[in-house]
$ cat coords.cif   # mmCIF, C-alpha atoms and all ligand atoms
data_model
loop_
_atom_site.label_atom_id
_atom_site.label_comp_id
_atom_site.auth_asym_id
_atom_site.auth_seq_id
_atom_site.Cartn_x
_atom_site.Cartn_y
_atom_site.Cartn_z
CA MET A 90 11.43 4.34 50.41
CA ALA A 91 15.09 3.50 49.93
CA GLU A 92 17.34 5.35 52.36
CA ALA A 93 19.61 7.59 50.26
CA THR A 94 23.34 7.12 50.69
CA PRO A 95 25.54 10.20 51.20
CA TRP A 96 26.78 10.06 47.59
CA GLN A 97 23.22 9.85 46.29
CA ARG A 98 22.38 12.96 48.34
CA GLU A 99 25.36 14.68 46.76
CA ILE A 100 24.08 13.86 43.27
CA TYR A 101 20.64 15.18 44.18
CA ARG A 102 22.17 18.41 45.48
CA VAL A 103 24.16 18.93 42.28
CA LEU A 104 21.14 18.20 40.07
CA LYS A 105 19.19 20.83 42.01
CA ALA A 106 22.03 23.32 41.66
CA TYR A 107 21.86 22.89 37.88
CA ASP A 108 18.08 23.28 37.88
CA VAL A 109 17.39 19.80 36.54
CA LYS A 110 13.62 19.48 36.24
CA GLN A 111 12.91 16.22 34.44
CA VAL A 112 14.16 12.93 35.85
CA ALA A 113 13.61 9.88 33.65
CA TYR A 114 14.62 6.44 34.79
CA VAL A 115 14.45 2.71 34.47
CA PRO A 116 15.14 1.66 38.04
CA ASP A 117 18.41 0.19 39.16
CA ALA A 118 19.11 -0.76 42.76
CA GLY A 119 22.10 1.60 42.66
CA HIS A 120 19.83 4.55 41.90
CA ALA A 121 17.03 3.67 44.35
CA GLY A 122 17.82 6.31 46.97
CA LEU A 123 18.30 9.06 44.38
CA ILE A 124 15.06 8.15 42.60
CA ASP A 125 13.17 8.50 45.88
CA LEU A 126 14.78 11.86 46.63
CA CYS A 127 13.76 13.15 43.21
CA ALA A 128 10.25 11.69 43.43
CA ALA A 129 9.73 13.42 46.77
CA ASP A 130 10.72 16.77 45.23
CA ASN A 131 7.61 18.43 43.79
CA ARG A 132 9.73 20.72 41.61
CA MET A 133 11.10 17.70 39.77
CA LYS A 134 9.06 15.62 37.34
CA THR A 135 10.05 12.01 37.67
CA VAL A 136 9.07 9.64 34.90
CA VAL A 137 9.45 5.89 35.01
CA LEU A 138 10.18 4.54 31.53
CA SER A 139 9.46 1.21 29.91
CA THR A 140 12.85 1.29 28.17
CA GLU A 141 15.82 3.63 28.43
CA GLU A 142 15.73 5.08 24.91
CA GLU A 143 12.37 6.62 25.80
CA GLY A 144 14.32 8.78 28.21
CA VAL A 145 16.75 9.97 25.53
CA ALA A 146 13.80 11.05 23.38
CA MET A 147 11.95 12.59 26.31
CA LEU A 148 14.89 14.70 27.40
CA ALA A 149 15.36 15.92 23.84
CA GLY A 150 11.78 17.17 24.01
CA ALA A 151 12.42 18.64 27.44
CA TRP A 152 15.31 20.74 26.17
CA LEU A 153 13.38 21.83 23.09
CA GLY A 154 10.83 23.09 25.59
CA GLY A 155 13.46 24.78 27.75
CA GLU A 156 13.95 22.29 30.59
CA ARG A 157 16.99 20.37 31.72
CA GLY A 158 16.76 16.71 32.58
CA VAL A 159 18.68 13.64 33.61
CA LEU A 160 18.41 10.00 32.59
CA LEU A 161 19.12 7.45 35.32
CA MET A 162 19.83 3.89 34.25
CA GLN A 163 22.09 0.91 34.78
CA SER A 164 24.86 -0.03 32.37
CA SER A 165 22.74 -2.51 30.41
CA GLY A 166 20.33 0.34 29.60
CA VAL A 167 23.02 2.14 27.64
CA GLY A 168 22.76 -0.59 25.02
CA ASN A 169 19.06 0.19 24.61
CA CYS A 170 19.83 3.83 23.83
CA ILE A 171 22.27 3.59 20.95
CA ASN A 172 20.17 4.66 17.96
CA MET A 173 18.18 7.23 19.96
CA LEU A 174 21.45 8.95 20.92
CA SER A 175 21.63 10.08 17.30
CA LEU A 176 18.84 12.53 18.20
CA PRO A 177 20.72 14.72 20.72
CA ARG A 178 23.85 14.31 18.65
CA THR A 179 22.33 15.41 15.35
CA CYS A 180 20.38 18.25 16.90
CA GLY A 181 23.02 19.47 19.36
CA LEU A 182 20.91 18.88 22.46
CA PRO A 183 22.44 18.51 25.92
CA LEU A 184 21.88 15.13 27.57
CA LEU A 185 22.99 14.04 31.02
CA MET A 186 23.05 10.34 31.86
CA LEU A 187 23.95 8.79 35.20
CA VAL A 188 24.83 5.15 34.76
CA THR A 189 25.13 2.76 37.68
CA MET A 190 27.60 0.08 36.66
CA ARG A 191 27.17 -3.66 36.60
CA GLY A 192 29.31 -6.17 34.78
CA GLU A 193 32.61 -4.96 36.19
CA TRP A 194 34.52 -5.32 39.46
CA LYS A 195 33.10 -8.26 41.49
CA GLU A 196 30.19 -8.95 39.14
CA PHE A 197 28.60 -12.34 39.82
CA ASN A 198 26.02 -12.28 37.01
CA PRO A 199 27.55 -13.24 33.64
CA TRP A 200 24.63 -11.64 31.76
CA GLN A 201 25.70 -8.21 32.97
CA ILE A 202 29.26 -8.48 31.75
CA PRO A 203 28.86 -7.84 27.99
CA MET A 204 27.08 -4.50 28.33
CA GLY A 205 28.95 -3.54 31.50
CA GLN A 206 32.23 -3.86 29.58
CA GLY A 207 30.65 -2.21 26.54
CA THR A 208 29.23 0.83 28.35
CA ALA A 209 32.12 3.29 27.96
CA PRO A 210 33.08 2.41 24.36
CA VAL A 211 29.46 2.39 23.23
CA LEU A 212 28.86 5.79 24.81
CA GLN A 213 32.01 7.20 23.25
CA GLN A 214 31.12 5.80 19.85
CA SER A 215 27.71 7.46 20.22
CA GLY A 216 29.24 10.86 20.79
CA SER A 217 28.98 11.00 24.58
CA LEU A 218 31.58 12.30 26.98
CA VAL A 219 32.28 9.70 29.65
CA PHE A 220 33.00 10.48 33.29
CA ARG A 221 33.56 7.99 36.06
CA ILE A 222 33.26 7.74 39.82
CA ASP A 223 35.16 4.98 41.60
CA ASP A 224 35.40 6.57 45.04
CA ALA A 225 32.22 7.94 46.62
CA LYS A 226 34.06 10.99 47.93
CA ASP A 227 34.54 12.21 44.32
CA THR A 228 30.82 12.14 43.56
CA ALA A 229 29.92 15.82 43.85
CA ASP A 230 33.02 16.91 41.97
CA VAL A 231 32.56 14.52 39.06
CA VAL A 232 28.81 15.07 38.71
CA ASP A 233 29.28 18.83 38.95
CA GLY A 234 31.96 18.69 36.24
CA ALA A 235 29.73 16.58 34.03
CA CYS A 236 26.73 18.90 34.52
CA ARG A 237 28.85 21.91 33.63
CA MET A 238 30.07 20.33 30.39
CA VAL A 239 26.65 18.95 29.46
CA PHE A 240 24.45 21.93 30.25
CA GLU A 241 26.82 24.81 29.71
CA GLY A 242 28.98 23.12 27.09
CA CYS A 243 25.89 21.71 25.33
CA ALA A 244 27.22 18.17 25.24
CA ILE A 245 26.09 14.61 25.68
CA GLY A 246 27.68 13.23 28.83
CA ALA A 247 27.43 10.11 30.95
CA VAL A 248 28.75 9.49 34.44
CA GLN A 249 29.58 5.89 35.16
CA ILE A 250 29.10 5.16 38.85
CA GLY A 251 31.42 2.25 39.50
CA GLN A 252 30.48 -0.91 41.29
CA ARG A 253 33.03 -0.06 43.98
CA VAL A 254 30.86 2.94 44.87
CA ILE A 255 27.55 1.13 44.75
CA GLY A 256 28.77 -2.10 46.31
CA ALA A 257 28.73 -5.33 44.34
CA LYS A 258 25.53 -7.36 44.48
CA SER A 259 26.00 -10.87 45.79
CA PHE A 260 22.54 -12.38 46.37
CA GLY A 261 23.52 -13.66 49.78
CA ARG A 262 26.91 -15.05 48.86
CA MET B 1006 -2.91 -13.82 11.80
CA THR B 1007 -3.07 -12.72 8.18
CA MET B 1008 -2.04 -9.31 6.97
CA ASP B 1009 -4.57 -7.63 4.71
CA ARG B 1010 -2.74 -5.61 2.10
CA ALA B 1011 -5.79 -4.44 0.19
CA ARG B 1012 -7.71 -3.00 3.14
CA ALA B 1013 -5.71 0.22 3.46
CA GLU B 1014 -6.06 0.97 -0.23
CA ALA B 1015 -9.78 1.53 0.33
CA TYR B 1016 -9.65 3.90 3.32
CA PRO B 1017 -11.43 7.13 2.36
CA LEU B 1018 -9.20 9.62 4.19
CA ARG B 1019 -6.17 11.06 2.42
CA ARG B 1020 -3.22 11.82 4.70
CA ARG B 1021 -2.35 15.23 3.28
CA GLU B 1022 -5.93 16.43 3.69
CA VAL B 1023 -6.12 15.04 7.21
CA VAL B 1024 -2.98 16.86 8.29
CA ALA B 1025 -4.04 20.10 6.61
CA SER B 1026 -7.41 19.91 8.32
CA LEU B 1027 -5.81 19.26 11.73
CA ILE B 1028 -3.10 21.90 11.81
CA GLY B 1029 -4.01 24.50 9.17
CA GLN B 1030 -1.62 27.40 9.61
CA ARG B 1031 -1.64 27.20 13.42
CA THR B 1032 1.51 28.47 15.04
CA ASP B 1033 0.45 27.90 18.66
CA LEU B 1034 0.72 24.11 18.48
CA LEU B 1035 4.05 22.52 19.28
CA LEU B 1036 4.33 19.97 16.50
CA VAL B 1037 6.52 16.89 16.42
CA GLY B 1038 6.52 14.93 13.16
CA GLY B 1039 7.51 11.26 13.00
CA LEU B 1040 10.20 10.41 10.48
CA GLY B 1041 9.29 10.12 6.84
CA ALA B 1042 5.84 10.65 5.43
CA PRO B 1043 4.18 12.26 8.50
CA SER B 1044 6.83 14.98 8.56
CA ASN B 1045 6.47 15.43 4.81
CA ASP B 1046 2.71 15.82 5.25
CA ILE B 1047 3.24 18.65 7.72
CA ALA B 1048 5.84 20.26 5.45
CA ALA B 1049 3.30 20.06 2.61
CA VAL B 1050 0.85 22.13 4.66
CA GLY B 1051 3.64 24.58 5.40
CA ASP B 1052 6.94 24.41 7.23
CA ARG B 1053 6.98 26.57 10.37
CA PRO B 1054 9.29 27.24 13.32
CA ASN B 1055 7.07 25.49 15.86
CA PHE B 1056 7.48 22.24 13.93
CA MET B 1057 10.12 19.65 14.79
CA PRO B 1058 10.31 17.16 11.93
CA LEU B 1059 12.28 14.01 12.65
CA TRP B 1060 14.50 12.35 10.07
CA GLY B 1061 15.46 9.52 12.39
CA ALA B 1062 14.94 8.62 16.07
CA MET B 1063 12.38 6.05 14.97
CA GLY B 1064 10.21 5.08 17.93
CA GLY B 1065 10.94 8.31 19.77
CA ALA B 1066 8.34 10.77 18.49
CA ALA B 1067 5.76 10.26 21.24
CA MET B 1068 8.38 10.55 23.99
CA ILE B 1069 9.83 13.73 22.49
CA GLY B 1070 6.29 15.03 22.71
CA MET B 1071 6.09 13.93 26.33
CA GLY B 1072 9.26 15.79 27.40
CA LEU B 1073 8.05 18.84 25.55
CA ALA B 1074 4.59 18.62 27.10
CA LEU B 1075 6.06 18.40 30.60
CA ALA B 1076 8.32 21.39 29.92
CA GLN B 1077 5.54 23.52 28.38
CA PRO B 1078 2.36 22.62 30.23
CA SER B 1079 0.45 25.65 28.96
CA LYS B 1080 0.96 24.76 25.28
CA ARG B 1081 -0.69 22.04 23.23
CA VAL B 1082 1.81 19.47 22.00
CA LEU B 1083 0.74 17.48 18.95
CA VAL B 1084 2.74 14.50 17.74
CA ILE B 1085 1.85 13.29 14.26
CA THR B 1086 3.54 10.04 13.38
CA GLY B 1087 3.22 6.80 11.43
CA ASP B 1088 2.03 3.37 12.47
CA GLY B 1089 5.48 1.88 11.93
CA GLU B 1090 7.10 4.56 14.05
CA MET B 1091 4.55 4.13 16.83
CA LEU B 1092 4.89 0.35 16.83
CA MET B 1093 8.63 0.69 17.38
CA GLY B 1094 8.08 2.66 20.60
CA MET B 1095 4.83 1.17 21.81
CA GLY B 1096 6.03 1.08 25.41
CA ALA B 1097 5.86 4.87 25.33
CA LEU B 1098 2.07 4.57 25.44
CA ALA B 1099 2.38 2.95 28.87
CA THR B 1100 4.85 5.58 30.03
CA ILE B 1101 2.66 8.42 28.78
CA ALA B 1102 -0.50 6.91 30.28
CA VAL B 1103 1.13 6.75 33.69
CA LYS B 1104 2.60 10.26 33.69
CA ALA B 1105 -0.50 11.57 31.91
CA PRO B 1106 0.47 15.04 30.65
CA GLY B 1107 -2.86 16.71 29.88
CA ASN B 1108 -1.50 18.81 27.01
CA LEU B 1109 -0.11 15.94 24.93
CA SER B 1110 -1.95 14.62 21.92
CA ILE B 1111 -0.68 11.88 19.62
CA VAL B 1112 -2.04 11.17 16.16
CA VAL B 1113 -1.00 8.08 14.24
CA LEU B 1114 -1.52 8.27 10.48
CA ASP B 1115 -2.13 4.57 10.00
CA ASN B 1116 -1.69 3.43 6.41
CA GLU B 1117 -0.90 -0.10 7.64
CA ARG B 1118 2.41 0.21 5.81
CA TYR B 1119 6.04 1.11 6.23
CA GLY B 1120 5.48 3.63 3.46
CA GLU B 1121 8.95 5.10 3.44
CA THR B 1122 10.76 1.83 2.89
CA GLY B 1123 8.72 0.35 0.09
CA GLY B 1124 5.25 -0.09 1.50
CA GLN B 1125 5.72 -3.33 3.42
CA THR B 1126 2.68 -4.11 5.58
CA THR B 1127 2.92 -3.32 9.31
CA HIS B 1128 1.31 -5.22 12.18
CA THR B 1129 -1.75 -2.96 11.94
CA SER B 1130 -2.59 -4.54 8.58
CA ALA B 1131 -3.38 -7.66 10.58
CA ARG B 1132 -5.46 -7.24 13.74
CA VAL B 1133 -3.02 -5.31 15.89
CA ASP B 1134 -4.99 -2.39 17.23
CA LEU B 1135 -2.99 0.59 18.50
CA CYS B 1136 -6.14 2.14 20.01
CA GLY B 1137 -6.66 -1.06 21.96
CA VAL B 1138 -3.10 -0.81 23.24
CA ALA B 1139 -3.55 2.82 24.23
CA GLU B 1140 -6.83 2.05 25.96
CA ALA B 1141 -5.36 -0.88 27.82
CA CYS B 1142 -2.50 1.35 28.95
CA GLY B 1143 -5.00 3.83 30.34
CA ILE B 1144 -4.48 6.78 27.99
CA ARG B 1145 -7.28 9.17 28.96
CA VAL B 1146 -8.76 9.96 25.52
CA VAL B 1147 -8.51 7.37 22.76
CA GLY B 1148 -10.20 7.46 19.39
CA LYS B 1149 -10.18 5.77 16.02
CA VAL B 1150 -11.01 7.73 12.89
CA VAL B 1151 -11.89 6.23 9.51
CA THR B 1152 -14.32 8.65 7.84
CA ALA B 1153 -14.40 12.40 7.20
CA ALA B 1154 -17.31 12.73 9.62
CA GLU B 1155 -15.35 10.92 12.32
CA LEU B 1156 -12.40 13.21 11.70
CA GLU B 1157 -14.56 16.31 12.22
CA ALA B 1158 -16.00 14.79 15.36
CA ALA B 1159 -12.55 13.92 16.73
CA LYS B 1160 -10.92 17.29 16.08
CA PRO B 1161 -11.82 18.90 19.43
CA ALA B 1162 -10.36 15.90 21.25
CA ILE B 1163 -7.20 15.90 19.14
CA LEU B 1164 -6.63 19.63 19.45
CA GLU B 1165 -8.13 20.70 22.78
CA PHE B 1166 -9.36 18.09 25.23
CA ALA B 1167 -7.42 17.44 28.41
CA GLY B 1168 -5.31 14.41 27.61
CA PRO B 1169 -3.21 12.58 27.08
CA CYS B 1170 -5.06 11.98 23.82
CA PHE B 1171 -4.30 9.26 21.32
CA HIS B 1172 -5.95 8.93 17.93
CA VAL B 1173 -5.40 6.48 15.14
CA ILE B 1174 -6.48 7.89 11.80
CA LYS B 1175 -6.77 5.24 9.14
CA VAL B 1176 -5.47 6.73 5.90
CA LYS B 1177 -5.40 5.45 2.36
CA ALA B 1178 -2.15 3.71 1.47
CA GLU B 1179 -0.71 5.89 -1.27
CA GLN B 1180 2.55 7.43 -2.31
CA GLU B 1181 2.45 11.22 -2.07
CA GLU B 1182 4.70 13.77 -3.70
CA MET B 1183 7.89 14.24 -1.63
CA ILE B 1184 7.81 17.59 0.12
CA LEU B 1185 10.72 17.58 2.50
CA PRO B 1186 11.06 19.61 5.69
CA PRO B 1187 14.46 21.03 6.70
CA LYS B 1188 16.82 18.38 8.02
CA ASP B 1189 19.65 20.26 9.74
CA GLY B 1190 19.13 19.37 13.40
CA HIS B 1191 20.82 22.50 14.74
CA TYR B 1192 18.67 24.73 12.57
CA LEU B 1193 15.53 22.89 13.70
CA ARG B 1194 16.58 23.12 17.34
CA ASP B 1195 17.29 26.83 17.24
CA ARG B 1196 14.19 27.88 15.41
CA PHE B 1197 11.97 25.66 17.53
CA ARG B 1198 13.43 26.85 20.82
CA THR B 1199 13.22 30.45 19.68
CA ALA B 1200 9.56 29.94 18.76
CA VAL B 1201 8.87 28.48 22.20
CA LEU B 1202 11.21 30.44 24.45
CA GLY B 1203 11.91 33.70 22.66
CA ALA B 1204 15.20 35.33 23.61
CA GLU B 1205 15.72 32.76 26.39
CA ALA B 1206 16.51 30.25 23.64
CA ALA B 1207 19.96 31.79 23.26
CA LYS B 1208 20.84 30.80 26.84
CA LEU B 1209 22.40 27.45 27.53
C1 LIG A 1301 15.62 2.32 13.80
C2 LIG A 1301 15.19 2.41 12.40
N1 LIG A 1301 14.74 1.30 11.78
C3 LIG A 1301 14.32 1.37 10.49
C4 LIG A 1301 14.36 2.55 9.81
C5 LIG A 1301 13.90 2.62 8.36
N2 LIG A 1301 12.61 3.31 8.25
C6 LIG A 1301 12.55 4.62 7.94
S1 LIG A 1301 10.98 5.15 7.78
C7 LIG A 1301 10.38 3.63 8.14
C8 LIG A 1301 8.91 3.33 8.06
C9 LIG A 1301 8.06 4.27 8.77
O1 LIG A 1301 6.74 3.78 8.66
P1 LIG A 1301 5.56 4.61 9.25
O2 LIG A 1301 5.95 5.20 10.54
O3 LIG A 1301 4.34 3.75 9.24
O4 LIG A 1301 5.41 5.82 8.22
P2 LIG A 1301 4.72 5.86 6.77
O5 LIG A 1301 5.82 6.15 5.79
O6 LIG A 1301 4.04 4.57 6.49
O7 LIG A 1301 3.75 6.98 6.86
C10 LIG A 1301 11.41 2.72 8.38
C11 LIG A 1301 11.19 1.30 8.71
C12 LIG A 1301 14.87 3.69 10.50
N3 LIG A 1301 14.95 4.88 9.91
N4 LIG A 1301 15.27 3.58 11.78
MG MG A 1302 2.75 3.69 7.94
#

$ encode --input "coords.cif" --output "structure tokens"
Amino acid sequence: MAEATPWQREIYRVLKAYDVKQVAYVPDAGHAGLIDLCAADNRMKTVVLSTEEEGVAMLAGAWLGGERGVLLMQSSGVGNCINMLSLPRTCGLPLLMLVTMRGEWKEFNPWQIPMGQGTAPVLQQSGSLVFRIDDAKDTADVVDGACRMVFEGCAIGAVQIGQRVIGAKSFGR
Amino acid sequence: MTMDRARAEAYPLRRREVVASLIGQRTDLLLVGGLGAPSNDIAAVGDRPNFMPLWGAMGGAAMIGMGLALAQPSKRVLVITGDGEMLMGMGALATIAVKAPGNLSIVVLDNERYGETGGQTTHTSARVDLCGVAEACGIRVVGKVVTAAELEAAKPAILEFAGPCFHVIKVKAEQEEMILPPKDGHYLRDRFRTAVLGAEAAKL
């Protein structure tokens, strides 16, 4: 079990307030605490995916069946979703994505940089609203605002959780 | 590994008859149709509100079925898709095996072709075995159907057994008359949700 940080607890609380039932994810260290909170909640159905676009398709099905969901992934996963995002876009289905960022501030892994820098433009090009958290104290407010627009405004929306919030990985350096 | 183009021309089952025999006029099934020919086959039997035909989202049909199955555990969800579509999202078989929704059933109409795009052979025309993949993933009920007798025998599993269920039905490679389902995504969404949720469908 990963100990949830205060901002991860805030996200969990907001997801519960919006009655999010399906939680699909490809793990990222930045989401570990939130994933464990959701997995421990027997009113949420957590699903580990083999690739992120599976989650886009799954949550389309969830909404067609009347349930709200969230897709948790890291920034590189956004690249895997591009074509599948045409599904919620063409059919007008709400989709909430929470994206932990790599490839930005203090990144030490060059392989993360292309998709980290591409995350926001790719999302926008795919018809998603883009929200961003750079200070942990804004978490509840930003996620709540995103949930409102996604679920009540019937939109596609992604919240980028910045590396300043998560803490840059260093592998012992 | 060589691809055998001729093999699928000799399969006895015809896709339109297979789909008609599976779904008839049933309105209780929640049906997801993979893009192209599988959705046309369902439309040929009869378009209906509880049918979500895809015109894109290639590789996503099984996972749409999974989200739907989790949201509606008391209803049978049937995904009918093509071999090409299933190959594109093969990881979904692992995901589905692990979560194991009992009300989800997937049928692959395997003509060993990308029929929609000119009939190019798919991996299944060689030795790639989608049933083997599903079995190795741990999908609860897995079956392969080649003959009419096997289809009759598999029907209870496809339509009723506690799943997840995964069946590959080998169908003759042939070009059928184009019978297109509706393609407006908002229309499909609204009618499907209304069929499933009634008046609740109007709520966001
Ligand atoms: C991502 C993506 N790649 C390629 C295509 C083009 N395409 C449309 S249908 C299709 C073949 C589908 O083959 P299969 O699922 O086996 O159905 P069949 O027509 O053979 O029944 C392809 C490759 C597409 N629509 N989307
Ligand atoms: Mg095919």

$ residues_near_ligand --input "coords.cif" --ligand "ligand MG 1302 (chain A)" --cutoff "7 Å" --atoms "all atoms listed in the file" --output "short mmCIF file (atom, residue, chain, number, x, y, z; two decimals) with C-alpha atoms, in the frame of the given file"
data_model
loop_
_atom_site.label_atom_id
_atom_site.label_comp_id
_atom_site.auth_asym_id
_atom_site.auth_seq_id
_atom_site.Cartn_x
_atom_site.Cartn_y
_atom_site.Cartn_z
CA GLY B 1087 3.22 6.80 11.43
CA ASP B 1088 2.03 3.37 12.47
CA GLY B 1089 5.48 1.88 11.93
CA LEU B 1114 -1.52 8.27 10.48
CA ASP B 1115 -2.13 4.57 10.00
CA ASN B 1116 -1.69 3.43 6.41
CA GLU B 1117 -0.90 -0.10 7.64
CA ARG B 1118 2.41 0.21 5.81
CA TYR B 1119 6.04 1.11 6.23
CA GLY B 1120 5.48 3.63 3.46
#

$ residues_near_ligand --input "coords.cif" --ligand "ligand LIG 1301 (chain A)" --cutoff "9 Å" --atoms "only C-alpha atoms and all ligand atoms" --output "ChimeraX atom specification"
/A:172-173 /B:1020,1039-1044,1060-1064,1086-1093,1113-1127,1178,1180

$ atom_distance --input "coords.cif" --atom1 "atom CA of A:Glu92" --atom2 "atom CA of A:Gly122"
5.5 Å

$ residues_around --input "coords.cif" --residues "stretch 235-251 of chain A" --least-positions-apart "6" --cutoff "8 Å" --atoms "all atoms listed in the file" --output "list in words"
Leu104, Tyr107, Arg157, Pro177, Arg178, Gly181, Leu182, Pro183, Leu184, Leu185, Met186, Leu187, Val188, Thr189, Met190, Arg191, Leu212, Gly216, Ser217, Leu218, Val219, Phe220, Arg221, Ile222 and Asp223 of chain A; Leu1209 of chain B

$ closest_residue --input "coords.cif" --among "A:Ser215, A:Asn169, A:Thr228, A:Thr179" --to "chain B" --atoms "only C-alpha atoms"
A:Thr179

$ closest_atom_pairs --input "coords.cif" --of "chain B" --to "chain A" --cutoff "8 Å" --atoms "all atoms listed in the file" --output "Markdown table"
| residue | atom | partner | partner_atom | distance |
| --- | --- | --- | --- | --- |
| B:Gly1061 | CA | A:Leu176 | CA | 7.4 |
| B:Ala1062 | CA | A:Met173 | CA | 5.2 |
| B:Met1063 | CA | A:Met173 | CA | 7.7 |
| B:Gly1065 | CA | A:Ala146 | CA | 5.4 |
| B:Ala1066 | CA | A:Ala146 | CA | 7.3 |
| B:Met1068 | CA | A:Met147 | CA | 4.7 |
| B:Ile1069 | CA | A:Gly150 | CA | 4.2 |
| B:Gly1070 | CA | A:Gly150 | CA | 6.0 |
| B:Met1071 | CA | A:Met147 | CA | 6.0 |
| B:Gly1072 | CA | A:Ala151 | CA | 4.3 |
| B:Leu1073 | CA | A:Gly150 | CA | 4.4 |
| B:Ala1074 | CA | A:Gly154 | CA | 7.8 |
| B:Leu1075 | CA | A:Ala151 | CA | 7.1 |
| B:Ala1076 | CA | A:Gly154 | CA | 5.3 |
| B:Gln1077 | CA | A:Gly154 | CA | 6.0 |
| B:Gly1094 | CA | A:Glu143 | CA | 7.8 |
| B:Gly1096 | CA | A:Ser139 | CA | 5.7 |
| B:Ala1097 | CA | A:Glu143 | CA | 6.8 |
| B:Ala1099 | CA | A:Ser139 | CA | 7.4 |
| B:Thr1100 | CA | A:Leu138 | CA | 5.6 |
| B:Lys1104 | CA | A:Val136 | CA | 6.6 |
| B:Asp1189 | CA | A:Cys180 | CA | 7.5 |
| B:Gly1190 | CA | A:Cys180 | CA | 3.9 |
| B:His1191 | CA | A:Cys180 | CA | 4.8 |
| B:Tyr1192 | CA | A:Cys180 | CA | 8.0 |
| B:Leu1193 | CA | A:Cys180 | CA | 7.4 |
| B:Arg1194 | CA | A:Cys180 | CA | 6.2 |
| B:Phe1197 | CA | A:Leu153 | CA | 6.9 |
| B:Arg1198 | CA | A:Leu153 | CA | 5.5 |
| B:Val1201 | CA | A:Gly154 | CA | 6.7 |
| B:Leu1202 | CA | A:Gly155 | CA | 6.9 |
| B:Ala1206 | CA | A:Gly155 | CA | 7.5 |
| B:Leu1209 | CA | A:Glu241 | CA | 5.6 |
